[in-house]
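The file query_13.txt contains compact mmCIF, C-alpha atoms (C1' of nucleotides):
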```txt
# COMPACT_ATOMS: atom_id res chain seq x y z
CA MET L 295 2.81 0.58 -53.08
CA PRO L 296 -0.85 -0.25 -53.79
CA ASP L 297 -2.69 2.84 -54.80
CA SER L 298 -5.56 2.82 -52.29
CA ILE L 299 -3.69 5.43 -50.24
CA LEU L 300 -3.06 7.60 -53.30
CA LYS L 301 -6.76 7.45 -54.11
CA ASN L 302 -7.51 8.47 -50.53
CA ILE L 303 -5.26 11.50 -50.96
CA ALA L 304 -6.68 12.27 -54.41
CA LYS L 305 -10.10 12.75 -52.83
CA HIS L 306 -8.85 16.08 -51.52
CA ILE L 307 -5.75 17.22 -53.44
CA HIS L 308 -4.26 16.53 -56.86
CA LEU L 309 -0.69 15.18 -56.91
CA SER L 310 1.55 15.17 -59.97
CA GLU L 311 3.28 11.89 -60.83
CA GLU L 312 6.52 13.11 -59.30
CA GLU L 313 4.77 14.17 -56.13
CA ALA L 314 3.03 10.82 -55.87
CA ALA L 315 6.38 9.12 -56.41
CA LEU L 316 8.01 11.21 -53.67
CA PHE L 317 5.15 10.43 -51.35
CA SER L 318 5.63 6.72 -52.01
CA THR L 319 9.25 6.87 -50.94
CA LEU L 320 8.18 8.45 -47.63
CA ALA L 321 5.62 5.80 -46.70
CA SER L 322 6.37 2.20 -45.80
CA VAL L 323 4.16 -0.86 -46.05
CA LYS L 324 3.59 -3.37 -43.26
CA THR L 325 1.54 -6.53 -43.00
CA LEU L 326 0.63 -7.39 -39.44
CA PRO L 327 -0.96 -10.54 -38.01
CA LYS L 328 -4.08 -10.35 -35.87
CA LYS L 329 -3.67 -8.99 -32.31
CA THR L 330 -0.38 -7.27 -33.01
CA LEU L 331 0.40 -4.34 -30.73
CA LEU L 332 1.44 -1.48 -33.01
CA LEU L 333 1.82 1.13 -30.27
CA GLN L 334 2.03 0.81 -26.51
CA ALA L 335 1.14 3.54 -24.01
CA GLY L 336 4.28 5.23 -22.73
CA GLN L 337 6.24 4.67 -25.95
CA GLU L 338 6.99 7.46 -28.37
CA CYS L 339 4.37 7.47 -31.14
CA ARG L 340 6.44 7.62 -34.33
CA HIS L 341 3.95 6.70 -37.02
CA LEU L 342 0.77 7.81 -38.69
CA SER L 343 -0.86 4.77 -40.29
CA TYR L 344 -3.27 4.38 -43.19
CA VAL L 345 -5.24 1.13 -43.23
CA HIS L 346 -5.24 -0.61 -46.61
CA SER L 347 -7.06 -3.69 -45.32
CA GLY L 348 -7.98 -5.29 -42.01
CA ALA L 349 -8.98 -3.49 -38.82
CA LEU L 350 -7.25 -1.76 -35.91
CA ARG L 351 -8.34 -0.06 -32.73
CA SER L 352 -6.80 2.40 -30.32
CA PHE L 353 -7.70 2.15 -26.67
CA TYR L 354 -6.91 3.70 -23.34
CA ILE L 355 -6.36 1.71 -20.14
CA ASP L 356 -7.29 3.67 -17.04
CA LYS L 357 -5.92 3.42 -13.49
CA ASP L 358 -8.38 0.60 -12.67
CA GLY L 359 -7.35 -1.41 -15.74
CA LYS L 360 -10.58 -0.62 -17.62
CA GLU L 361 -10.23 -0.38 -21.41
CA SER L 362 -11.94 2.39 -23.41
CA THR L 363 -11.85 2.16 -27.19
CA ILE L 364 -10.94 5.57 -28.60
CA MET L 365 -11.34 4.68 -32.26
CA PHE L 366 -11.60 1.90 -34.81
CA ALA L 367 -9.81 2.07 -38.15
CA VAL L 368 -10.91 -0.19 -40.99
CA ALA L 369 -10.00 0.05 -44.69
CA ASP L 370 -9.33 3.62 -45.87
CA TRP L 371 -9.03 5.11 -42.37
CA TRP L 372 -6.02 6.81 -40.77
CA ILE L 373 -4.98 6.05 -37.20
CA THR L 374 -2.39 7.13 -34.64
CA ASP L 375 -2.24 8.63 -31.15
CA MET L 376 -2.56 12.07 -32.76
CA TYR L 377 -1.76 14.23 -29.75
CA CYS L 378 1.39 12.28 -28.98
CA TYR L 379 2.41 11.90 -32.64
CA LEU L 380 2.23 15.65 -33.22
CA ASN L 381 3.69 16.78 -29.92
CA ARG L 382 6.34 14.07 -29.38
CA LYS L 383 4.80 13.03 -26.10
CA PRO L 384 4.69 9.45 -24.76
CA ALA L 385 1.60 7.70 -26.10
CA MET L 386 -1.49 7.62 -23.88
CA THR L 387 -3.17 4.89 -25.91
CA HIS L 388 -2.44 1.45 -27.23
CA ILE L 389 -3.06 0.55 -30.88
CA GLU L 390 -3.54 -3.07 -31.96
CA THR L 391 -4.72 -5.01 -34.99
CA ILE L 392 -8.10 -6.68 -34.61
CA GLU L 393 -7.49 -8.88 -37.63
CA GLU L 394 -4.60 -9.38 -40.07
CA SER L 395 -4.02 -5.95 -41.59
CA MET L 396 -1.98 -4.22 -44.25
CA ILE L 397 -1.04 -0.64 -43.44
CA PHE L 398 1.12 2.19 -44.78
CA GLN L 399 3.07 4.23 -42.30
CA ILE L 400 4.49 7.75 -42.34
CA SER L 401 7.05 8.65 -39.71
CA ARG L 402 6.88 11.97 -37.93
CA SER L 403 10.03 13.26 -39.69
CA ASN L 404 8.76 12.21 -43.13
CA PHE L 405 5.47 13.87 -42.30
CA ASP L 406 7.26 17.15 -41.60
CA HIS L 407 9.32 16.71 -44.76
CA LEU L 408 6.16 16.10 -46.78
CA LEU L 409 4.50 19.28 -45.50
CA GLU L 410 7.55 21.35 -46.42
CA THR L 411 8.22 19.77 -49.80
CA ILE L 412 4.65 19.57 -51.04
CA PRO L 413 2.63 22.33 -49.38
CA LYS L 414 -0.56 20.88 -50.82
CA PHE L 415 -0.26 18.32 -48.01
CA GLU L 416 -1.03 21.09 -45.56
CA ARG L 417 -4.41 21.26 -47.23
CA PHE L 418 -4.82 17.50 -47.19
CA PHE L 419 -4.07 17.21 -43.50
CA ARG L 420 -6.20 20.22 -42.71
CA ILE L 421 -9.14 18.43 -44.25
CA LEU L 422 -8.25 15.18 -42.49
CA MET L 423 -8.06 17.00 -39.13
CA GLN L 424 -11.25 18.94 -39.85
CA ASN L 425 -13.14 15.72 -40.47
CA ALA L 426 -11.63 14.05 -37.43
CA TYR L 427 -12.53 17.06 -35.27
CA THR L 428 -16.14 17.29 -36.41
CA ARG L 429 -16.53 13.52 -36.00
CA GLU L 430 -15.24 13.64 -32.42
CA GLN L 431 -17.42 16.63 -31.67
CA LEU L 432 -20.48 14.77 -32.86
CA ARG L 433 -19.45 11.85 -30.68
CA VAL L 434 -19.22 14.12 -27.65
CA MET L 435 -22.66 15.51 -28.51
CA GLU L 436 -24.14 12.01 -28.69
CA ASN L 437 -22.41 10.97 -25.45
CA LEU L 438 -24.00 13.95 -23.72
CA SER L 439 -27.49 13.72 -25.16
CA LEU L 440 -28.30 10.10 -26.05
CA THR L 441 -28.98 6.99 -23.93
CA ALA L 442 -26.74 3.95 -24.33
CA GLU L 443 -29.30 2.27 -26.57
CA GLU L 444 -29.57 5.28 -28.85
CA ARG L 445 -25.78 5.57 -29.10
CA TYR L 446 -25.57 1.89 -30.01
CA HIS L 447 -28.15 2.23 -32.77
CA SER L 448 -26.45 5.37 -34.08
CA PHE L 449 -23.11 3.55 -34.14
CA VAL L 450 -24.52 0.59 -36.08
CA GLN L 451 -26.14 2.90 -38.59
CA LYS L 452 -23.05 5.07 -39.04
CA TYR L 453 -20.46 2.29 -39.16
CA PRO L 454 -22.06 -0.95 -40.43
CA GLN L 455 -18.71 -2.14 -41.78
CA ILE L 456 -17.01 -1.75 -38.42
CA VAL L 457 -19.84 -3.71 -36.78
CA ARG L 458 -18.97 -6.65 -39.04
CA GLN L 459 -15.28 -6.56 -38.15
CA VAL L 460 -15.16 -6.06 -34.38
CA THR L 461 -16.61 -7.79 -31.33
CA LYS L 462 -19.54 -6.51 -29.30
CA LYS L 463 -17.23 -6.24 -26.34
CA GLN L 464 -15.12 -3.75 -28.30
CA ILE L 465 -18.20 -1.79 -29.40
CA ALA L 466 -19.35 -1.63 -25.78
CA SER L 467 -15.99 -0.19 -24.74
CA TYR L 468 -16.30 2.42 -27.54
CA LEU L 469 -19.77 3.40 -26.33
CA GLY L 470 -18.72 3.58 -22.70
CA ILE L 471 -20.91 0.73 -21.43
CA THR L 472 -20.28 -2.83 -20.28
CA PRO L 473 -20.70 -5.79 -22.65
CA GLU L 474 -23.31 -7.21 -20.25
CA PHE L 475 -25.41 -4.08 -20.54
CA LEU L 476 -25.01 -3.95 -24.31
CA SER L 477 -26.40 -7.48 -24.37
CA THR L 478 -29.63 -6.36 -22.75
CA LEU L 479 -30.31 -3.62 -25.33
CA LYS L 480 -32.82 -3.94 -28.11
CA LYS L 481 -31.03 -5.04 -31.30
CA PRO L 482 -31.05 -2.29 -33.92
CA GLU L 483 -32.71 -2.73 -37.30
CA ILE L 484 -30.05 -3.35 -39.94
CA MET H 239 -8.71 45.89 -35.89
CA PRO H 240 -7.10 45.18 -32.50
CA ASP H 241 -4.16 42.90 -32.92
CA SER H 242 -5.04 40.10 -30.52
CA ILE H 243 -6.21 38.02 -33.47
CA LEU H 244 -3.02 38.73 -35.44
CA LYS H 245 -1.00 37.63 -32.43
CA ASN H 246 -3.08 34.46 -32.27
CA ILE H 247 -2.24 33.77 -35.91
CA ALA H 248 1.43 34.68 -35.42
CA LYS H 249 1.75 31.86 -32.89
CA HIS H 250 1.71 29.45 -35.84
CA ILE H 251 2.54 31.28 -39.09
CA HIS H 252 4.36 34.48 -40.04
CA LEU H 253 2.37 37.03 -42.06
CA SER H 254 3.92 39.91 -43.99
CA GLU H 255 2.42 43.37 -43.44
CA GLU H 256 0.49 43.13 -46.70
CA GLU H 257 -0.87 39.72 -45.78
CA ALA H 258 -1.91 40.96 -42.35
CA ALA H 259 -3.59 43.92 -44.04
CA LEU H 260 -5.46 41.64 -46.46
CA PHE H 261 -6.54 39.46 -43.58
CA SER H 262 -7.89 42.51 -41.75
CA THR H 263 -10.11 43.39 -44.70
CA LEU H 264 -11.60 39.88 -44.61
CA ALA H 265 -12.54 39.89 -40.94
CA SER H 266 -15.20 42.03 -39.31
CA VAL H 267 -15.53 43.17 -35.73
CA LYS H 268 -18.66 42.88 -33.61
CA THR H 269 -19.51 43.86 -30.07
CA LEU H 270 -22.38 41.88 -28.64
CA PRO H 271 -24.32 42.35 -25.39
CA LYS H 272 -24.73 39.54 -22.90
CA LYS H 273 -27.10 36.70 -23.87
CA THR H 274 -27.06 37.49 -27.59
CA LEU H 275 -27.84 34.55 -29.85
CA LEU H 276 -25.13 34.49 -32.52
CA LEU H 277 -26.27 31.32 -34.26
CA GLN H 278 -29.50 29.37 -34.06
CA ALA H 279 -29.87 25.65 -34.85
CA GLY H 280 -31.39 25.23 -38.30
CA GLN H 281 -29.84 28.42 -39.70
CA GLU H 282 -26.95 28.38 -42.11
CA CYS H 283 -23.70 28.84 -40.17
CA ARG H 284 -21.89 31.61 -42.07
CA HIS H 285 -19.18 32.70 -39.65
CA LEU H 286 -16.09 31.53 -37.87
CA SER H 287 -15.57 33.74 -34.82
CA TYR H 288 -12.48 34.64 -32.83
CA VAL H 289 -13.14 35.90 -29.29
CA HIS H 290 -11.25 39.07 -28.43
CA SER H 291 -12.97 39.48 -25.05
CA GLY H 292 -15.97 38.12 -23.19
CA ALA H 293 -17.29 34.56 -23.31
CA LEU H 294 -19.52 32.47 -25.57
CA ARG H 295 -20.84 28.93 -25.56
CA SER H 296 -22.22 26.59 -28.17
CA PHE H 297 -24.90 24.13 -27.11
CA TYR H 298 -27.15 21.47 -28.50
CA ILE H 299 -30.83 21.09 -27.57
CA ASP H 300 -32.03 17.51 -27.85
CA LYS H 301 -35.51 16.15 -28.60
CA ASP H 302 -36.48 16.40 -24.90
CA GLY H 303 -35.36 20.01 -24.70
CA LYS H 304 -32.23 19.19 -22.68
CA GLU H 305 -29.24 21.45 -23.31
CA SER H 306 -25.70 20.08 -23.71
CA THR H 307 -22.84 22.54 -23.84
CA ILE H 308 -20.52 21.60 -26.69
CA MET H 309 -17.85 24.18 -26.03
CA PHE H 310 -17.00 27.42 -24.27
CA ALA H 311 -14.96 30.15 -25.96
CA VAL H 312 -13.28 32.83 -23.87
CA ALA H 313 -10.59 35.32 -24.93
CA ASP H 314 -8.28 33.99 -27.66
CA TRP H 315 -10.52 31.04 -28.63
CA TRP H 316 -12.20 30.32 -31.96
CA ILE H 317 -15.81 29.16 -32.15
CA THR H 318 -18.38 28.10 -34.74
CA ASP H 319 -20.54 25.09 -35.59
CA MET H 320 -17.56 23.66 -37.47
CA TYR H 321 -19.29 20.80 -39.28
CA CYS H 322 -22.04 23.05 -40.57
CA TYR H 323 -19.71 25.96 -41.34
CA LEU H 324 -17.45 23.78 -43.48
CA ASN H 325 -20.15 21.72 -45.16
CA ARG H 326 -22.84 24.37 -45.62
CA LYS H 327 -25.35 22.38 -43.59
CA PRO H 328 -27.99 23.87 -41.29
CA ALA H 329 -26.49 24.39 -37.84
CA MET H 330 -27.07 21.71 -35.21
CA THR H 331 -26.04 23.95 -32.35
CA HIS H 332 -26.86 27.34 -30.92
CA ILE H 333 -24.12 29.85 -30.06
CA GLU H 334 -24.71 32.65 -27.55
CA THR H 335 -22.72 35.19 -25.60
CA ILE H 336 -22.44 34.52 -21.87
CA GLU H 337 -21.29 38.06 -21.20
CA GLU H 338 -20.70 41.16 -23.32
CA SER H 339 -18.17 40.11 -25.92
CA MET H 340 -16.07 41.49 -28.72
CA ILE H 341 -15.44 39.10 -31.57
CA PHE H 342 -13.93 39.04 -35.09
CA GLN H 343 -15.76 37.09 -37.74
CA ILE H 344 -14.68 35.47 -40.99
CA SER H 345 -17.38 34.45 -43.43
CA ARG H 346 -17.24 31.14 -45.22
CA SER H 347 -16.48 32.80 -48.58
CA ASN H 348 -13.72 34.96 -47.11
CA PHE H 349 -12.32 31.87 -45.44
CA ASP H 350 -12.09 30.14 -48.81
CA HIS H 351 -10.59 33.26 -50.35
CA LEU H 352 -8.00 33.44 -47.57
CA LEU H 353 -6.90 29.85 -48.08
CA GLU H 354 -6.45 30.43 -51.80
CA THR H 355 -4.73 33.80 -51.58
CA ILE H 356 -2.43 33.07 -48.66
CA PRO H 357 -1.68 29.32 -48.63
CA LYS H 358 0.07 29.68 -45.27
CA PHE H 359 -3.45 29.81 -43.84
CA GLU H 360 -3.85 26.15 -44.79
CA ARG H 361 -1.11 25.50 -42.26
CA PHE H 362 -2.68 27.77 -39.68
CA PHE H 363 -6.05 26.07 -39.92
CA ARG H 364 -4.46 22.64 -40.00
CA ILE H 365 -2.87 23.41 -36.65
CA LEU H 366 -6.14 24.88 -35.32
CA MET H 367 -8.05 21.76 -36.39
CA GLN H 368 -5.34 19.46 -35.05
CA ASN H 369 -5.55 21.09 -31.65
CA ALA H 370 -9.33 21.03 -31.68
CA TYR H 371 -9.32 17.36 -32.66
CA THR H 372 -6.89 16.24 -30.00
CA ARG H 373 -8.77 18.27 -27.39
CA GLU H 374 -12.09 16.64 -28.32
CA GLN H 375 -10.47 13.21 -28.33
CA LEU H 376 -9.14 13.76 -24.83
CA ARG H 377 -12.62 14.84 -23.78
CA VAL H 378 -14.09 11.62 -25.18
CA MET H 379 -11.41 9.67 -23.32
CA GLU H 380 -12.27 11.39 -20.06
CA ASN H 381 -16.01 10.91 -20.63
CA LEU H 382 -15.39 7.19 -21.06
CA SER H 383 -12.97 6.61 -18.21
CA LEU H 384 -13.59 9.16 -15.46
CA THR H 385 -16.40 9.61 -12.92
CA ALA H 386 -18.38 12.85 -12.91
CA GLU H 387 -16.36 14.14 -9.97
CA GLU H 388 -13.05 13.41 -11.67
CA ARG H 389 -14.22 15.11 -14.86
CA TYR H 390 -15.27 18.17 -12.89
CA HIS H 391 -11.90 18.44 -11.16
CA SER H 392 -10.10 17.94 -14.47
CA PHE H 393 -12.20 20.70 -16.05
CA VAL H 394 -11.45 23.14 -13.25
CA GLN H 395 -7.76 22.42 -13.47
CA LYS H 396 -7.63 22.68 -17.26
CA TYR H 397 -9.84 25.76 -17.65
CA PRO H 398 -9.67 27.91 -14.49
CA GLN H 399 -10.45 31.03 -16.53
CA ILE H 400 -13.63 29.51 -17.95
CA VAL H 401 -14.72 28.52 -14.43
CA ARG H 402 -14.59 32.20 -13.45
CA GLN H 403 -16.73 33.29 -16.41
CA VAL H 404 -19.56 30.74 -16.62
CA THR H 405 -22.20 29.37 -14.24
CA LYS H 406 -22.07 25.99 -12.57
CA LYS H 407 -25.21 25.05 -14.45
CA GLN H 408 -23.34 25.59 -17.72
CA ILE H 409 -20.35 23.57 -16.52
CA ALA H 410 -22.71 20.75 -15.51
CA SER H 411 -24.20 20.71 -19.00
CA TYR H 412 -20.67 20.57 -20.47
CA LEU H 413 -19.81 17.61 -18.23
CA GLY H 414 -23.04 15.77 -18.99
CA ILE H 415 -24.47 15.89 -15.47
CA THR H 416 -27.27 17.80 -13.78
CA PRO H 417 -26.57 20.96 -11.75
CA GLU H 418 -28.12 19.23 -8.73
CA PHE H 419 -25.62 16.41 -8.95
CA LEU H 420 -22.70 18.78 -9.53
CA SER H 421 -23.75 20.49 -6.30
CA THR H 422 -23.24 17.28 -4.31
CA LEU H 423 -19.66 16.75 -5.55
CA LYS H 424 -16.58 17.50 -3.47
CA LYS H 425 -15.26 20.95 -4.40
CA PRO H 426 -11.91 20.75 -6.17
CA GLU H 427 -8.74 22.32 -4.78
CA ILE H 428 -7.97 25.53 -6.66
C1' DA Z 40 -36.86 49.37 -3.45
C1' DT Z 41 -39.69 45.62 -5.15
C1' DG Z 42 -40.81 41.76 -7.68
C1' DA Z 43 -39.71 38.22 -11.15
C1' DG Z 44 -36.90 35.12 -12.63
C1' DG Z 45 -32.60 32.69 -12.59
C1' DT Z 46 -28.88 30.01 -9.81
C1' DC Z 47 -27.36 27.12 -6.18
C1' DT Z 48 -28.05 23.86 -2.71
C1' DT Z 49 -30.15 19.96 -0.06
C1' DA Z 50 -32.81 15.93 0.17
C1' DA Z 51 -35.96 11.85 -1.03
C1' DG Z 52 -37.25 8.64 -4.20
C1' DA Z 53 -36.46 6.72 -9.05
C1' DT Z 54 -33.71 4.66 -12.84
C1' DA Z 55 -29.97 3.67 -16.08
C1' DC Z 56 -26.24 1.30 -15.95
C1' DC Z 57 -22.64 -1.61 -13.27
C1' DT Z 58 -20.81 -5.77 -10.79
C1' DT Z 59 -20.56 -10.35 -10.06
C1' DA Z 60 -21.51 -14.85 -11.29
C1' DA Z 61 -22.92 -18.68 -13.92
C1' DT Z 62 -23.96 -20.93 -18.64
C1' DT Z 63 -23.21 -21.62 -23.36
C1' DG Z 64 -21.00 -21.12 -27.61
C1' DT Z 65 -16.93 -19.90 -30.29
C1' DT Z 66 -12.10 -19.31 -31.26
C1' DT Z 67 -7.32 -20.14 -30.42
C1' DT Z 68 -3.56 -22.87 -29.21
C1' DC Z 69 -0.60 -26.80 -28.52
C1' DG K 140 -8.81 -32.41 -32.04
C1' DA K 141 -8.74 -31.63 -27.00
C1' DA K 142 -8.09 -28.10 -23.82
C1' DA K 143 -7.90 -23.49 -22.71
C1' DA K 144 -9.25 -18.96 -23.41
C1' DC K 145 -12.42 -15.75 -24.71
C1' DA K 146 -17.14 -13.74 -26.30
C1' DA K 147 -21.98 -13.47 -25.59
C1' DT K 148 -25.93 -13.86 -22.87
C1' DT K 149 -28.99 -13.85 -18.69
C1' DA K 150 -30.04 -12.63 -14.12
C1' DA K 151 -29.73 -10.69 -9.20
C1' DG K 152 -28.33 -7.18 -6.43
C1' DG K 153 -25.73 -2.65 -6.11
C1' DT K 154 -24.41 2.26 -7.17
C1' DA K 155 -23.87 6.60 -9.72
C1' DT K 156 -26.53 9.75 -11.35
C1' DC K 157 -31.32 11.68 -12.36
C1' DT K 158 -35.91 13.73 -11.17
C1' DT K 159 -38.71 16.36 -8.58
C1' DA K 160 -39.43 19.60 -5.10
C1' DA K 161 -38.54 23.24 -2.03
C1' DG K 162 -35.97 27.08 0.08
C1' DA K 163 -32.19 30.60 0.05
C1' DC K 164 -29.74 33.64 -2.53
C1' DC K 165 -28.72 36.70 -6.66
C1' DT K 166 -29.46 39.87 -10.42
C1' DC K 167 -31.65 42.74 -13.08
C1' DA K 168 -35.59 45.31 -14.91
C1' DT K 169 -39.31 48.21 -13.63
```

Whole structure, structure tokens version:
Amino acid sequence: MPDSILKNIAKHIHLSEEEAALFSTLASVKTLPKKTLLLQAGQECRHLSYVHSGALRSFYIDKDGKESTIMFAVADWWITDMYCYLNRKPAMTHIETIEESMIFQISRSNFDHLLETIPKFERFFRILMQNAYTREQLRVMENLSLTAEERYHSFVQKYPQIVRQVTKKQIASYLGITPEFLSTLKKPEI
Amino acid sequence: MPDSILKNIAKHIHLSEEEAALFSTLASVKTLPKKTLLLQAGQECRHLSYVHSGALRSFYIDKDGKESTIMFAVADWWITDMYCYLNRKPAMTHIETIEESMIFQISRSNFDHLLETIPKFERFFRILMQNAYTREQLRVMENLSLTAEERYHSFVQKYPQIVRQVTKKQIASYLGITPEFLSTLKKPEI
DNA sequence: ATGAGGTCTTAAGATACCTTAATTGTTTTC
DNA sequence: GAAAACAATTAAGGTATCTTAAGACCTCAT
């Protein structure tokens, strides 16, 4: 188990060697080729994934077949269909790799086990959820108050690494605009 | 201290009598008249508030003076400018009462003290943050994939109680549309 | 009670963003 | 390494939503 994920955890809580070892037995590694579907809407969402390398996205397909990108996950990000993972509901979103990726996965039952065995993980996940919540709330705020062009510039400034790893079509679907309209916007300063 | 807030906590964790008593010493009660500004953008956000009765909203005012409602909080909801509360940044949003309200507040330092003294609260806040996160993510999804009319109907169905307590103008600013446009939409079945 | 200010509605004209379509360049696949 | 598929761009016409304005209705303070 490469230690990028342990470093990610160590940002917020300190694990003893034994705890880190236990954690390692509860996570599994996967290497996935580009364009691999990791989760399909309707399926049970069994895994929380940490991205060691590569890039993934989760997206929703509405009744008209239109795709909306819910989130991107590049190195050092966590991704899942959180609502469905936590509440054992059928997934609403799809998750796929954008490029070849190496990820670590924690199943729902190992997640529960982890929280019971090492209560410090409650703190870790609280902080993870806190950050995810405030990020989504800021996104809602920008969706409500900014024009498409402003949202695009804000995205490029906030996530320059993601911009390098995904297509403009995918960014457009994250911003809630069409690729054609994105094309007409003034390019942001980088 | 009325026990609505203890019941809210008991939904997710079990507190002993002593723990409940300690918690009570760390929260303070306030009764606020209608239209009271509880937090102003730019100020430090010192409090996390639980709504016992009444209704509040948080909103953002953009560079053109346009208001966007970030969230409503009616009985049994928690509200604050979470990003700024947790990270000691100046508030981005305003919070005001919509009607006379009774709330319980926890200061940032008491919050920290609570998490250290009663680690079960890590679990409680994890679950609170989890729910807030998945709710915001669903809101982003709806903003990206639904028309204004569909979002309005979804809001009415999800939050009938809020609909009774706030104006249509405020709902419009939550949905990201103008009150004039909301007025032209087909009324939802209730 | 009266007036002042806010909310809600309707309507006409304006605009941000969408749809469709065609062209070119790039990537993937056999 | 050719063919097929996809991404990016440009442009013309269309639509959802906004802006402004005006009138009717509330609500609340004097």

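You can rank H:Tyr321, H:Cys283, H:Lys425, H:Phe419 by their closest distance to DT48 in chain Z using only C-alpha atoms (C1' of nucleotides), and at the top of that list sits H:Phe419.
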
Near DG45 in chain Z, within 12 Å and counting only C-alpha atoms (C1' of nucleotides), which residues show up once chain neighbours fewer than 6 positions away are dropped, as a PDB file with C-alpha atoms (C1' of nucleotides), keeping the file's coordinate frame?
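The resulting file, out.pdb, is reproduced below:
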```
ATOM      1  CA  THR H 405     -22.200  29.370 -14.240  1.00  0.00           C
ATOM      2  CA  LYS H 407     -25.210  25.050 -14.450  1.00  0.00           C
TER       3      LYS H 407
ATOM      4  C1'  DC K 164     -29.740  33.640  -2.530  1.00  0.00           C
ATOM      5  C1'  DC K 165     -28.720  36.700  -6.660  1.00  0.00           C
ATOM      6  C1'  DT K 166     -29.460  39.870 -10.420  1.00  0.00           C
ATOM      7  C1'  DC K 167     -31.650  42.740 -13.080  1.00  0.00           C
TER       8       DC K 167
END
```

Handout entry: Spatial neighbours of Arg417 in chain L, 10 Å, only C-alpha atoms (C1' of nucleotides), chain gap at least 6 places, as a ChimeraX atom specification
Key = /L:306-307,409,423 /H:353,357-361,363-364

Exercise for the section: Would you give me, as a ChimeraX atom specification, the residues of chain Z that come within 10 Å of chain H, using all atoms listed in the file? Expected result: /Z:46-49

C-alpha atoms (C1' of nucleotides) of the current selection, written as a PDB file, in the frame of the given file:
```
ATOM      1  C1'  DT Z  46     -28.880  30.010  -9.810  1.00  0.00           C
ATOM      2  C1'  DC Z  47     -27.360  27.120  -6.180  1.00  0.00           C
ATOM      3  C1'  DT Z  48     -28.050  23.860  -2.710  1.00  0.00           C
ATOM      4  C1'  DT Z  49     -30.150  19.960  -0.060  1.00  0.00           C
TER       5       DT Z  49
END
```

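Relative to CA of Gly470 in chain L, CA of Val404 in chain H is found at 27.8 Å.
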
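We find CA of Thr331 in chain H and CA of Lys249 in chain H to be spaced 28.9 Å apart.
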
Practice task
Check every residue of chain H for an atom within 10 Å of chain L, counting all atoms listed in the file, and provide those that qualify as a PyMOL selection string.
Solution key: chain H and resi 297-302+304-309+319-322+324+330-331+353+357-384+411-415

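Using all atoms listed in the file, one finds that the residues of chain K close to chain H, at 9 Å or less, are DA155, DT156 and DC157 of chain K.
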
Practice task
With all atoms listed in the file counted, which protein, DNA or RNA residues have an atom no more than 12 Å from (-19.2, 38.0, -20.5) in the file frame? Please answer as number ranges by chain.
Solution key: H: 269-274, 289-295, 310-313, 334-341, 399-400, 402-405

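The residues that lie within 9 Å of the point (-10.6, -20.6, -31.8), counting all atoms listed in the file, are DT65, DT66, DT67 and DT68 of chain Z; DA144 and DC145 of chain K.
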
Name all residues at most 8 Å from Pro426 in chain H (count all atoms listed in the file; drop same-chain ones fewer than 2 positions away) and give them as a PDB file with C-alpha atoms, keeping the file's coordinate frame.
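Contents of part27.pdb, freshly written:
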```pdb
ATOM      1  CA  TYR H 390     -15.270  18.170 -12.890  1.00  0.00           C
ATOM      2  CA  HIS H 391     -11.900  18.440 -11.160  1.00  0.00           C
ATOM      3  CA  VAL H 394     -11.450  23.140 -13.250  1.00  0.00           C
ATOM      4  CA  LYS H 424     -16.580  17.500  -3.470  1.00  0.00           C
ATOM      5  CA  ILE H 428      -7.970  25.530  -6.660  1.00  0.00           C
TER       6      ILE H 428
END
```

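CA of Leu423 in chain H is positioned 6.1 Å from CA of Glu387 in chain H.
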
Handout entry: All residues 8 Å or closer to range 370-374 of chain L, only C-alpha atoms (C1' of nucleotides), same chain fewer than 5 positions away omitted, as a PyMOL selection string
Key = chain L and resi 298-299+302+339+341-347+352+379+389
